[in-house]
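Student: Have a look at the structure that comes next, please.
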Amino acid sequence: MAVSRDPIRLELLKNAFSAIADEMAATVVRTARSFVIKEAMDFSTGLIDARGNLIAQGLCLPVHMGSFPPTIEAVLKRFGNEIRPGDVYATNDPYVGGGTHLPDIYVFKPIFHDGTLLGFAAAIGHQTDIGGRVAGGNACDNTEIFQEGIRLPPVRLMTEGRLNDDVMSILRLNVRLPEKVEGDVMATVAACTRGERAMQALARRYGVDVLLDEMDHLLDYTERMTRAEFGNLPDGSWTFEDFLDDDGFSDDPIRICVKVVKQDSDLIVDFTGSSPQVRGSINLPISMTRSCVYACVRSIMDPNLPTNSGFMRPIRVIAEPGSIVNPTPPAPVAARGLTSMRVTEAIWGALARMLPDKVFACGVQGDFGVTIAGYDSDRKPFVLLEFLFGTWGGRPNKDANDGLASLAVNYSNSPVEVIEGEQPVRIEQYAFRPDSGGAGKYRGGLGLVREYRLTGVDEAVLQVRSDRQKFRPYGLQGGRPGASAANFLSSGTEGEIRLPGKFMRTLRRGESYRAVLAGGGGWGDPLERDPALVLEDVLDGKVSAAAAEREYGVVIDTSTNRVDTAATSRLRQQLRQARAAE
Amino acid sequence: MHQVGVDVGGTFTDLVVAGTDGGIRTMKVLSTPDDYSRAILQGFTRLSDAEALHPQSVKRLVHAFTVATNALLTGEGARVGLLTTRGFRDVLEIGRLRMPQLYNMDWDKPRPLVPRRLRLEVSERMSATGEVVVPLDRDDVVAALDTLLAAGVDSVAVCLLHAYVNPAHEQEIVEIIRARAPHLAVSASHQILPEIREFERTSTTVVNAFVKPVVDRYLAALESGLRRVGTAAPLMIMQSAGGVMKSSMAREMPAYCIESGPAAGAIGAAALGRVLGIANIIAFDMGGTTAKACLIEGGEPRLADEMEVGAGLNNAGQRLLKGGGYVVRTPTIDLAEIGAGGGSLAWIDKGGALRVGPRSAGADPGPVCYGRGGTVPTVTDANVVLGFLNRTHLLDGAMPIDAAAAAAAISRDIAGPLGMSVHEAAFGIHAVANATMTRAVQAVSSEIGRSPADFTMVAFGGSGPVHAATLALHAGIAHIVIPPASGVFSAFGLLFTRIEHRLVRTCWVDTRKADLARLNALAEELAAEAAEMMAAEGLSRDDSDFQLLMDIRYAGQSSELSVVAEAPITAATLQNAVAEFHREHERTYGYCSPGEPTQLVNLRLRARAREGSGAEVLSARIRPVTTAASAAAQGVSRDVYFGPRDGWKTTPVIRRDALTSKPMTGPFIIEEYDTTIVVPPGALVRRDETGSVRIDLSKLL
């Protein structure tokens with residue numbers, strides 16, 4: 001492995017590469033048009049070397065991390081011999097392009113200096129629509145990828161600086177919001193141009209040879225740091241499994257099985273034993289499975305580690321073709337986000353067995369996708385689409401964060417006041433769900449409740465994609481699982497009815513739909529929880545007095561708001577004995 | 001007659017006194033964190049003893065303070081109760097769900113300033129258009145209030161859904177509180193921030209409620225202390241947005257003064273720019289632990305709509321990531337801050353790369369060369385080894401410097417392990433620190449579509465002038481201004497502030513279907529409210545400039561851009577504002593869509609004391625500073641290492657007053673009491689009519 005002879009230059013260039021990737025990210029935010037990119041930040045930027053190694057990544061969705069290498073590989077395979085300055089390549093296809101689902105369009109711009117190819121500036125943008133049978137490109141009830149929108153194999157979007165209008169016009173014709181999609185794609189192109197210019201400036205300053213050498217050195221340096229950290233982890237193998245409730249077509253649970261094997265400075269993550277691919281569109285393409293692995297492993301490492309291919313080198317991912325984590329065509333993949341969340345949870349579960357003092361219990365990510373759509377009185381269409389996040393699991397040294405997006409998908413929520421100003425609904429409640437956090441020495445995060453009432457139109461279509469009704473978020477080290485999720489519909493006539501995880505039905509004026517998110521798992525034995533912390537939770541209404549007794553064995557004197565110490569130690573002893581008797 | 005600026009920081013309290021003749025005196029005293037007003041009064045007494053001012057002759061006192069920020073950072077504020085619409089008491093704690101650090105499992109959400117037990121719901125509901133859906137249940141309010149009183153709260157925040165469009169229920173609640181518990185401090189969202197988006201409005205209102213009693217006590221103590229020493233001048237408080245308001249008003253709306261201190265340097269840079277005819281500036285302030293950059297365009301510091309207190313030193317390159325602190329949505333001078341300063345520690349990471357910061361040696365133990373127990377090499381140690389800083393003493397001899405210890409530490413920790421010479425390692429530390437600070441410059445310029453090359457750098461703070469030239473070269477900036485009194489420049493900036501109030505009202509209409517009568521009624525309401533506030537500051541309508549602004553967006557966008565509008569609002573003026581919005585959109589975001597429908601979301605009004613009304617502190621006249629002559633002897637030179645290209649150079653060490661208006665070619669080291677200016681080889685340097693040092697790097701770019 002090559003070591004740079006100039007560690008200062010390497011540090012300066014490392015900073016410069018990541019500054020360029022961040023600046024590309026700022027360019028995307030500045031110039032993109034859609035909510036999903038500007039606010040939800042569902043995009044990524046990166047610099048790639050001429051052989052397809054990721055050199056630096058800008059602000060990104062962690063679960064995009066592993067998808068640049070396979071997409072650039074597909075581009076190089078197609079255009080490797082005819083790459084010219086001013087070209088821009090694009091692809092979105094998970095099967096021939098290395099992508100993860102069709103709404104994510106990848107663009108790559110080659111960077112030349114004095115006739116030498118230095119590498120590529122790259123960006124991913126999640127498009128608001130990509131065509132197909134359901135608007136938004138996230139439907140979970142597709143049965144083949146052909147229903148999911150337009151598929152782009154690696155194509156030339158620009159040729160030597162000129163927009164290839166044949167490609168753009170096909171794209172425009174196939175999507176529901178052509179201006180927005182074109183604008184967002186061009187925003188990612190603008191970011192790549194920014195990256196191209198900044199890299200050329202570096203080449204002028206340092207010289208092409210130095211720059212290329214230091215790119216190699218940076219990968220080696222990162223690999224060295226990664227291996228050094230792996231070397232300090234215990235050797236061995238750890239397995240974990242978790243389940244999705246169903247795919248929306250059958251009632252069969254879907255198994256995610258993970259085995260992490262650590263030997264010296266290498267790490268293998270093996271998904272053998274996971275369920276075969278399913279009929280519904282929650283299959284997870286291999287490049288996203290890899291991304292999940294990288295994001296989870298990254299979360300147990302030194303936060304200063306650079307994000308590039310050097311980090312990925314010591315990690316091997318095994319996923320059988322035809323399985324839920326490596327589907328083969330024409331399996332649908334649009335709603336693969338749901339499976340990616342369960343896959344990260346399973347990987348963290350295995351990592352927690354390797355590092356019990358480091359990894360949190362299961363949290364709740366964006367299992368819920370809610371769509372309320374229809375036409376207003378002027379026959380104008382409206383669509384309310386929300387992904388509902390989330391809460392964390394208890395941690396080995398402290399409680400969960402109550403109400404926080406996932407580590408793997410740093411998504412935001414939408415203001416109630418803005419929704420009510422734009423859509424014919426009223427949000428009746430957005431609140432924590434008491435007693436939903438898994439009991440533990442360190443409590444799991446509270447789930448959230450959000451209730452929508454249709455007020456402005458006579459009827460609308462309500463479509464919900466959710467999970468965790470059957471399989472609850474797991475606890476660790478004796479911590480209890482979080483409460484399961486639920487869906488309720490209330491109408492004046494029928495009262496309240498409970499609905500399955502994935503469904504579509506009509507919502508009438510005055511009726512309300514309540515999304516009840518699961519709670520996070522607890523960490524450690526609840527009987528070891530500091531009674532003072534239980535008291536705080538009871539005073540805050542996060543845990544009921546009844547649950548404090550039942551789950552934690554803590555008796556609270558409600559007349560004084562104090563812990564009844566004597567009664568607590570008696571109750572805890574009883575509970576321990578009852579447990580031992582089981 | 002004297003004007004006084006007082007900037008209170010964690011370590012030092014800086015005072016600047018300006019006489020009517022434009023002459024300026026400065027004073028640095030140690031801060032007194034147990035009661036910051038004590039240091040201020042000490043400084044006053046010392047200045048008075050030195051006959052720099054007479055307390056009775058002080059015409060105006062402008063003050064930037066940190067007590068509000070400290071209360072938030074330490075959690076030592078009021079015990080606050082929050083009243084919300086039924087179903088929404090958790091909005092404050094849920095927040096926007098986002099975290100500022102990817103991959104970090106150990107990260108903790110900021111603790112809510114009001115615990116859940118003190119967040120109570122009342123039955124009531126407004127619609128998005130302000131109609132009453134559920135009337136206010138007064139019994140609920142009384143019951144909730146009794147619960148809060150029993151829990152011992154001393155401050156109450158009220159934030160109901162859609163109160164920005166119809167505040168009737170909030171007003172009713174405020175009346176009930178005033179009647180039942182007149183001793184409570186009350187902050188209602190429609191008064192603090194009548195703007196759409198419930199989390200941001202709630203958070204800002206709660207922050208106000210949290211710091212209100214603390215700020216109130218502090219300013220009351222300071223006011224009475226000043227009266228005791230004989231100063232009758234009104235105490236003016238710096239706001240985060242750069243204007244000042246009367247102390248009495250700051251005690252009501254402290255949320256507007258959270259970033260009081262850091263704003264002052266930017267105001268000073270803008271004011272200096274006005275005198276020098278420079279409208280576009282990047283202000284760069286580098287101290288012991290952090291570096292800050294701010295963009296000034298057309299003479300006005302750029303404002304951000306909101307900030308987060310306690311988010312820590314976000315990597316300036318990742319300012320897009322939010323969620324790290326307490327959200328305060330009030331106009332704030334937009335500063336990018338990064339953890340690199342003179343005290344930042346240099347180290348080698350596991351992969352063998354040289355790193356600088358973010359950990360800092362701080363003031364204690366400080367850099368190795370201070371000889372106060374520091375053992376890990378810092379940026380300041382590197383600057384001593386390179387010869388940028390004096391190798392024997394700083395502060396005119398008040399602080400001895402141990403250059404040999406600095407060199408030994410760098411040799412042991414950096415140069416040895418990396419197999420290079422000590423000066424190469426030192427230059428590496430200097431360069432890596434610069435690379436980090438470039439991020440801050442980038443965050444306020446290229447990331448919002450501005451090229452740094454179009455700006456002049458105004459550099460100040462203890463370490464700013466040491467690094468300014470190399471940083472400017474890195475960013476492509478050709479011209480640097482080092483102002484007089486650059487070590488206390490923030491306090492200096494306070495002298496240039498004007499009374500200012502900014503008001504907002506959400507209207508949210510399609511610009512093509514706008515009800516002009518309603519908009520004008522809203523604008524008149526804003527103007528009347530502003531006139532009342534200015535009158536309370538002692539300013540008539542004739543002494544004030546009112547500027548109407550409109551926050552406009554394309555339908556469906558989630559954020560707005562502010563553009564200047566004319567009052568009264570007519571079809572034509574509205575159209576002009578929309579046209580200006582398209583232009584600003586093109587400039588900021590790189591495109592505009594003139595065909596797309598636009599929405600007017602908020603009306604804003606900025607009321608500011610008119611220039612020449614006597615309300616601003618200094619006229620456009622700055623006299624060169626006459627501080628005590630620096631101890632730097634004439635005719636001295638030392639060896640300075642300017643990097644691999646220039647190598648070691650025998651460099652003249654001079655005083656600022658050795659410079660004239662005629663440019664000289666560097667290298668030079670210009671030593672002053674509390675800073676050192678580095679002029680690299682080939683750069684042109686001169687002194688201008690304001691006493692500022694001007695460095696021209698065009699030949700080096």
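Naming scheme: A, B, ... for chains in displayed order of the structure tokens; residues 1 onward per chain; ligands 1 onward as shown.
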Name all residues at most 12 Å from Arg379 (chain A) (count only C-alpha atoms; drop same-chain ones fewer than 4 positions away) and give them as a list in words.

Tutor: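 Result of the neighbour search: Gly374, Tyr375, Val457 and Asp458 of chain A.
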
Student: Do me a favour and pick out the residues of chain B within 6 Å of chain A, using only C-alpha atoms, as a list in words.

Tutor: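 In the required form, that comes to Gly87, Phe88, Asp90, Ile94, Arg96, Leu97, Arg98, Tyr103, Asn104, Arg116, Arg117, Ala128, Arg197, Lys350, Gly351, Ala353, Leu354, Gly428, Glu447, Tyr589 and Gly590 of chain B.
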
Student: Which residue is closest to Pro531 (chain A)? Choose from A:Thr568, A:Leu462, A:Asp216, A:Glu496 and count only C-alpha atoms.

Tutor: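 Distance minimum relative to Pro531 (chain A) lands on A:Thr568.
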
Student: Any idea what's packed within 9 Å of Lys441 (chain A), counting only C-alpha atoms, ignoring anything in its chain fewer than 4 positions away? Could you give it as a list in words?

Tutor: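 So, after excluding close chain neighbours, the residues are Gly394, Pro396, Asn397, Lys398, Asp399, Gly478, Gly479, Gly522, Trp523, Gly524, Asp525, Pro526, Leu527, Glu528, Arg529, Asp530 and Tyr552 of chain A.
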
Student: Grab the CA of Pro285 (chain A) to CA of Thr328 (chain A) distance for me, in Å with one decimal place.

Tutor: 8.4 Å

Student: Run DSSP on the backbone and tell me which residues of region 244-471 of chain B come out as strand (DSSP E); list them as a PyMOL selection string.

Tutor: chain B and resi 244-246+281-286+291-297+300-301+303-304+307-309+326-328+332-333+335-338+344-348+354-360+393-394+399-400+456-460

Student: Restricting the output to C-alpha atoms, write the selected residues as a PDB file, in the first residue's frame.

Tutor:
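Output contents, as saved in out38.pdb:
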ATOM      1  CA  VAL B 244     -29.855  48.310  18.359  1.00  0.00           C
ATOM      2  CA  MET B 245     -32.854  48.761  20.598  1.00  0.00           C
ATOM      3  CA  LYS B 246     -33.451  50.291  23.967  1.00  0.00           C
ATOM      4  CA  ILE B 281     -16.835  42.593   1.888  1.00  0.00           C
ATOM      5  CA  ILE B 282     -16.065  39.259   3.481  1.00  0.00           C
ATOM      6  CA  ALA B 283     -15.527  39.999   7.168  1.00  0.00           C
ATOM      7  CA  PHE B 284     -13.088  37.528   8.716  1.00  0.00           C
ATOM      8  CA  ASP B 285     -12.676  37.316  12.476  1.00  0.00           C
ATOM      9  CA  MET B 286     -10.227  34.830  13.973  1.00  0.00           C
ATOM     10  CA  ALA B 291     -12.919  31.710  13.094  1.00  0.00           C
ATOM     11  CA  LYS B 292     -15.988  33.442  11.686  1.00  0.00           C
ATOM     12  CA  ALA B 293     -16.837  34.712   8.240  1.00  0.00           C
ATOM     13  CA  CYS B 294     -19.682  37.007   7.188  1.00  0.00           C
ATOM     14  CA  LEU B 295     -20.750  38.338   3.794  1.00  0.00           C
ATOM     15  CA  ILE B 296     -21.471  42.051   3.358  1.00  0.00           C
ATOM     16  CA  GLU B 297     -23.104  43.051   0.100  1.00  0.00           C
ATOM     17  CA  GLU B 300     -25.364  45.456   4.331  1.00  0.00           C
ATOM     18  CA  PRO B 301     -24.345  42.312   6.219  1.00  0.00           C
ATOM     19  CA  LEU B 303     -28.988  38.110   7.234  1.00  0.00           C
ATOM     20  CA  ALA B 304     -30.131  34.570   7.938  1.00  0.00           C
ATOM     21  CA  MET B 307     -30.171  30.242  13.793  1.00  0.00           C
ATOM     22  CA  GLU B 308     -29.592  27.460  16.250  1.00  0.00           C
ATOM     23  CA  VAL B 309     -28.094  28.223  19.642  1.00  0.00           C
ATOM     24  CA  TYR B 326     -32.349  25.661  19.997  1.00  0.00           C
ATOM     25  CA  VAL B 327     -33.999  27.228  16.972  1.00  0.00           C
ATOM     26  CA  VAL B 328     -34.470  30.976  17.129  1.00  0.00           C
ATOM     27  CA  THR B 332     -29.594  37.202  12.435  1.00  0.00           C
ATOM     28  CA  ILE B 333     -26.394  38.300  10.770  1.00  0.00           C
ATOM     29  CA  LEU B 335     -22.026  34.033  10.286  1.00  0.00           C
ATOM     30  CA  ALA B 336     -20.223  30.839   9.344  1.00  0.00           C
ATOM     31  CA  GLU B 337     -18.191  29.755  12.331  1.00  0.00           C
ATOM     32  CA  ILE B 338     -15.573  27.047  12.348  1.00  0.00           C
ATOM     33  CA  SER B 344      -6.370  24.854  17.909  1.00  0.00           C
ATOM     34  CA  LEU B 345      -4.315  21.722  18.575  1.00  0.00           C
ATOM     35  CA  ALA B 346      -2.237  19.987  15.890  1.00  0.00           C
ATOM     36  CA  TRP B 347      -2.161  16.175  15.875  1.00  0.00           C
ATOM     37  CA  ILE B 348      -1.517  13.145  13.680  1.00  0.00           C
ATOM     38  CA  LEU B 354      -1.629  15.976   9.957  1.00  0.00           C
ATOM     39  CA  ARG B 355      -4.793  17.438  11.516  1.00  0.00           C
ATOM     40  CA  VAL B 356      -5.572  20.766  13.187  1.00  0.00           C
ATOM     41  CA  GLY B 357      -8.466  21.196  15.647  1.00  0.00           C
ATOM     42  CA  PRO B 358     -11.288  21.088  16.410  1.00  0.00           C
ATOM     43  CA  ARG B 359      -9.930  20.666  19.953  1.00  0.00           C
ATOM     44  CA  SER B 360      -8.342  23.792  21.355  1.00  0.00           C
ATOM     45  CA  HIS B 393       7.134  38.307  23.566  1.00  0.00           C
ATOM     46  CA  LEU B 394       3.588  39.393  22.661  1.00  0.00           C
ATOM     47  CA  MET B 399       3.494  38.114  27.636  1.00  0.00           C
ATOM     48  CA  PRO B 400       6.841  36.311  27.264  1.00  0.00           C
ATOM     49  CA  THR B 456     -12.591  42.561  -0.219  1.00  0.00           C
ATOM     50  CA  MET B 457     -11.555  40.849   2.996  1.00  0.00           C
ATOM     51  CA  VAL B 458     -11.762  42.851   6.225  1.00  0.00           C
ATOM     52  CA  ALA B 459      -9.740  40.840   8.747  1.00  0.00           C
ATOM     53  CA  PHE B 460      -9.687  41.334  12.499  1.00  0.00           C
TER      54      PHE B 460
END

Student: Provide the CA of Phe271 (chain A) to CA of Pro154 (chain A) distance in Å, to one decimal place.

Tutor: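 Rounded to one decimal, the two atoms are 28.4 Å apart.
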
Student: Find, counting only C-alpha atoms, the residue in A:Val555, A:Ala74, A:Ala352, A:Ile105 that gets nearest to Arg572 (chain A).

Tutor: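 The answer is A:Val555, which sits nearest to Arg572 (chain A).
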
Student: So what do you get for CA of Phe68 (chain A) versus CA of Pro153 (chain A), distance-wise?

Tutor: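 So the two atoms, CA of Phe68 (chain A) and CA of Pro153 (chain A), lie 14.8 Å apart.
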
Student: Could you pull out the residues in region 5-113 of chain A that DSSP calls helix (DSSP H, G or I) from the backbone, as a ChimeraX atom specification?

Tutor: /A:7-31,35-38,62-79

Student: With distances taken over only C-alpha atoms, which of B:His423, B:His501, B:His54, B:Arg329 is nearest to Glu532 (chain B)?

Tutor: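 Looking only at the distances to Glu532 (chain B), the closest residue turns out to be B:His501.
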
Student: Might you pull out every residue within 12 Å of Glu596 (chain B), with only C-alpha atoms counted and same-chain residues fewer than 6 positions away left off, and present them as a VMD selection string?

Tutor: (chain A and resid 33 179 to 180) or (chain B and resid 510 to 512 553 to 557 578 to 579 582)

Student: Pull N, CA and C atoms from the residues just selected and write them as a PDB file, in the first residue's frame.

Tutor:
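The result, written out as part.pdb:
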ATOM      1  N   ARG A  33     -35.367  22.221  -7.636  1.00  0.00           N
ATOM      2  CA  ARG A  33     -36.680  22.843  -7.515  1.00  0.00           C
ATOM      3  C   ARG A  33     -37.615  22.119  -6.581  1.00  0.00           C
ATOM      4  N   GLU A 179     -41.209  19.882 -15.913  1.00  0.00           N
ATOM      5  CA  GLU A 179     -40.368  21.042 -15.581  1.00  0.00           C
ATOM      6  C   GLU A 179     -39.541  20.756 -14.329  1.00  0.00           C
ATOM      7  N   LYS A 180     -40.226  20.189 -13.349  1.00  0.00           N
ATOM      8  CA  LYS A 180     -39.539  19.926 -12.081  1.00  0.00           C
ATOM      9  C   LYS A 180     -38.423  18.905 -12.284  1.00  0.00           C
TER      10      LYS A 180
ATOM     11  N   ASP B 510     -51.645  34.147  -3.160  1.00  0.00           N
ATOM     12  CA  ASP B 510     -51.188  34.052  -4.535  1.00  0.00           C
ATOM     13  C   ASP B 510     -51.020  35.489  -5.035  1.00  0.00           C
ATOM     14  N   THR B 511     -49.844  35.814  -5.591  1.00  0.00           N
ATOM     15  CA  THR B 511     -49.615  37.224  -5.954  1.00  0.00           C
ATOM     16  C   THR B 511     -50.562  37.699  -7.058  1.00  0.00           C
ATOM     17  N   ARG B 512     -51.118  36.751  -7.833  1.00  0.00           N
ATOM     18  CA  ARG B 512     -52.033  37.186  -8.888  1.00  0.00           C
ATOM     19  C   ARG B 512     -53.446  37.429  -8.380  1.00  0.00           C
ATOM     20  N   ARG B 553     -42.198  33.287  -2.811  1.00  0.00           N
ATOM     21  CA  ARG B 553     -41.692  31.997  -3.271  1.00  0.00           C
ATOM     22  C   ARG B 553     -42.521  31.531  -4.461  1.00  0.00           C
ATOM     23  N   TYR B 554     -42.009  30.566  -5.200  1.00  0.00           N
ATOM     24  CA  TYR B 554     -42.829  29.888  -6.202  1.00  0.00           C
ATOM     25  C   TYR B 554     -43.776  28.961  -5.475  1.00  0.00           C
ATOM     26  N   ALA B 555     -45.010  28.853  -5.980  1.00  0.00           N
ATOM     27  CA  ALA B 555     -45.998  27.995  -5.338  1.00  0.00           C
ATOM     28  C   ALA B 555     -45.395  26.605  -5.164  1.00  0.00           C
ATOM     29  N   GLY B 556     -45.502  26.050  -3.975  1.00  0.00           N
ATOM     30  CA  GLY B 556     -44.999  24.703  -3.737  1.00  0.00           C
ATOM     31  C   GLY B 556     -43.590  24.668  -3.188  1.00  0.00           C
ATOM     32  N   GLN B 557     -42.861  25.789  -3.260  1.00  0.00           N
ATOM     33  CA  GLN B 557     -41.527  25.812  -2.650  1.00  0.00           C
ATOM     34  C   GLN B 557     -41.678  25.861  -1.137  1.00  0.00           C
ATOM     35  N   VAL B 578     -42.419  41.140  -7.507  1.00  0.00           N
ATOM     36  CA  VAL B 578     -42.343  39.785  -8.066  1.00  0.00           C
ATOM     37  C   VAL B 578     -41.203  39.709  -9.086  1.00  0.00           C
ATOM     38  N   ALA B 579     -41.060  40.759  -9.895  1.00  0.00           N
ATOM     39  CA  ALA B 579     -39.969  40.779 -10.880  1.00  0.00           C
ATOM     40  C   ALA B 579     -38.619  40.737 -10.154  1.00  0.00           C
ATOM     41  N   HIS B 582     -37.905  37.232  -9.043  1.00  0.00           N
ATOM     42  CA  HIS B 582     -37.348  36.376 -10.109  1.00  0.00           C
ATOM     43  C   HIS B 582     -35.847  36.632 -10.262  1.00  0.00           C
TER      44      HIS B 582
END

Student: Name all residues at most 10 Å from Phe503 (chain A) (count only C-alpha atoms; drop same-chain ones fewer than 5 positions away) and give them as a list in words.

Tutor: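 Everything that qualifies: Cys140, Asp141, Gly248, Leu462, Gln463, Val464, Arg465, Ser466 and Asn487 of chain A.
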
Student: Emit the selected residues as a compact mmCIF listing (two decimals), in the first residue's frame, including N, CA and C atoms.

Tutor:
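Below is the file result06.txt, written as the result:
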# COMPACT_ATOMS: atom_id res chain seq x y z
N CYS A 140 -46.00 0.65 -3.37
CA CYS A 140 -45.48 -0.64 -2.91
C CYS A 140 -46.26 -1.81 -3.51
N ASP A 141 -47.25 -1.51 -4.36
CA ASP A 141 -48.04 -2.61 -4.92
C ASP A 141 -47.78 -2.84 -6.41
N GLY A 248 -47.64 -6.88 1.33
CA GLY A 248 -48.88 -6.23 0.90
C GLY A 248 -49.72 -7.12 0.00
N LEU A 462 -56.98 7.27 0.20
CA LEU A 462 -55.98 7.16 1.26
C LEU A 462 -55.16 5.91 1.00
N GLN A 463 -53.84 6.08 0.79
CA GLN A 463 -52.99 4.91 0.60
C GLN A 463 -51.89 4.93 1.65
N VAL A 464 -51.71 3.81 2.33
CA VAL A 464 -50.73 3.75 3.41
C VAL A 464 -49.81 2.54 3.21
N ARG A 465 -48.52 2.78 3.34
CA ARG A 465 -47.54 1.70 3.35
C ARG A 465 -46.88 1.74 4.71
N SER A 466 -47.12 0.71 5.52
CA SER A 466 -46.51 0.72 6.84
C SER A 466 -46.18 -0.71 7.27
N ASN A 487 -52.86 1.21 12.52
CA ASN A 487 -53.58 2.17 11.68
C ASN A 487 -55.05 2.17 12.09

Student: May I have the residues within 9 Å of Ser57 (chain B) as a ChimeraX atom specification, using only C-alpha atoms and disregarding those fewer than 2 positions away in the same chain?

Tutor: /B:1-3,53-55,59,231-233

Student: Keeping only N, CA and C atoms, write those residues as a PDB file, in the first residue's frame.

Tutor:
ATOM      1  N   MET B   1     -18.740  65.112  24.985  1.00  0.00           N
ATOM      2  CA  MET B   1     -19.711  64.040  24.754  1.00  0.00           C
ATOM      3  C   MET B   1     -18.984  62.788  24.273  1.00  0.00           C
ATOM      4  N   HIS B   2     -19.373  61.668  24.813  1.00  0.00           N
ATOM      5  CA  HIS B   2     -18.729  60.428  24.405  1.00  0.00           C
ATOM      6  C   HIS B   2     -19.765  59.373  24.035  1.00  0.00           C
ATOM      7  N   GLN B   3     -19.332  58.511  23.138  1.00  0.00           N
ATOM      8  CA  GLN B   3     -20.125  57.338  22.802  1.00  0.00           C
ATOM      9  C   GLN B   3     -19.302  56.135  23.234  1.00  0.00           C
ATOM     10  N   LEU B  53     -13.013  59.336  29.597  1.00  0.00           N
ATOM     11  CA  LEU B  53     -14.422  59.725  29.536  1.00  0.00           C
ATOM     12  C   LEU B  53     -14.880  60.199  30.901  1.00  0.00           C
ATOM     13  N   HIS B  54     -15.953  60.943  30.901  1.00  0.00           N
ATOM     14  CA  HIS B  54     -16.640  61.280  32.137  1.00  0.00           C
ATOM     15  C   HIS B  54     -17.994  60.613  32.080  1.00  0.00           C
ATOM     16  N   PRO B  55     -18.319  59.804  33.062  1.00  0.00           N
ATOM     17  CA  PRO B  55     -19.584  59.083  33.010  1.00  0.00           C
ATOM     18  C   PRO B  55     -20.757  60.011  32.691  1.00  0.00           C
ATOM     19  N   LYS B  59     -23.003  60.075  26.027  1.00  0.00           N
ATOM     20  CA  LYS B  59     -24.258  60.375  25.361  1.00  0.00           C
ATOM     21  C   LYS B  59     -25.002  59.094  25.043  1.00  0.00           C
ATOM     22  N   THR B 231     -23.913  57.836  34.916  1.00  0.00           N
ATOM     23  CA  THR B 231     -24.248  57.891  33.495  1.00  0.00           C
ATOM     24  C   THR B 231     -25.761  57.865  33.308  1.00  0.00           C
ATOM     25  N   ALA B 232     -26.270  58.904  32.696  1.00  0.00           N
ATOM     26  CA  ALA B 232     -27.708  58.970  32.476  1.00  0.00           C
ATOM     27  C   ALA B 232     -28.062  58.541  31.049  1.00  0.00           C
ATOM     28  N   ALA B 233     -27.041  58.266  30.235  1.00  0.00           N
ATOM     29  CA  ALA B 233     -27.283  57.948  28.825  1.00  0.00           C
ATOM     30  C   ALA B 233     -28.104  56.672  28.702  1.00  0.00           C
TER      31      ALA B 233
END

Student: With a distance cut-off of 12 Å and only C-alpha atoms, select the neighbouring residues of Phe240 (chain A), excluding the residue or stretch itself and same-chain residues fewer than 2 positions from it, and output the selection as an NGL selection string.

Tutor: :A and (237-238 or 242-243 or 255-261 or 269-274 or 342-354 or 474 or 476)
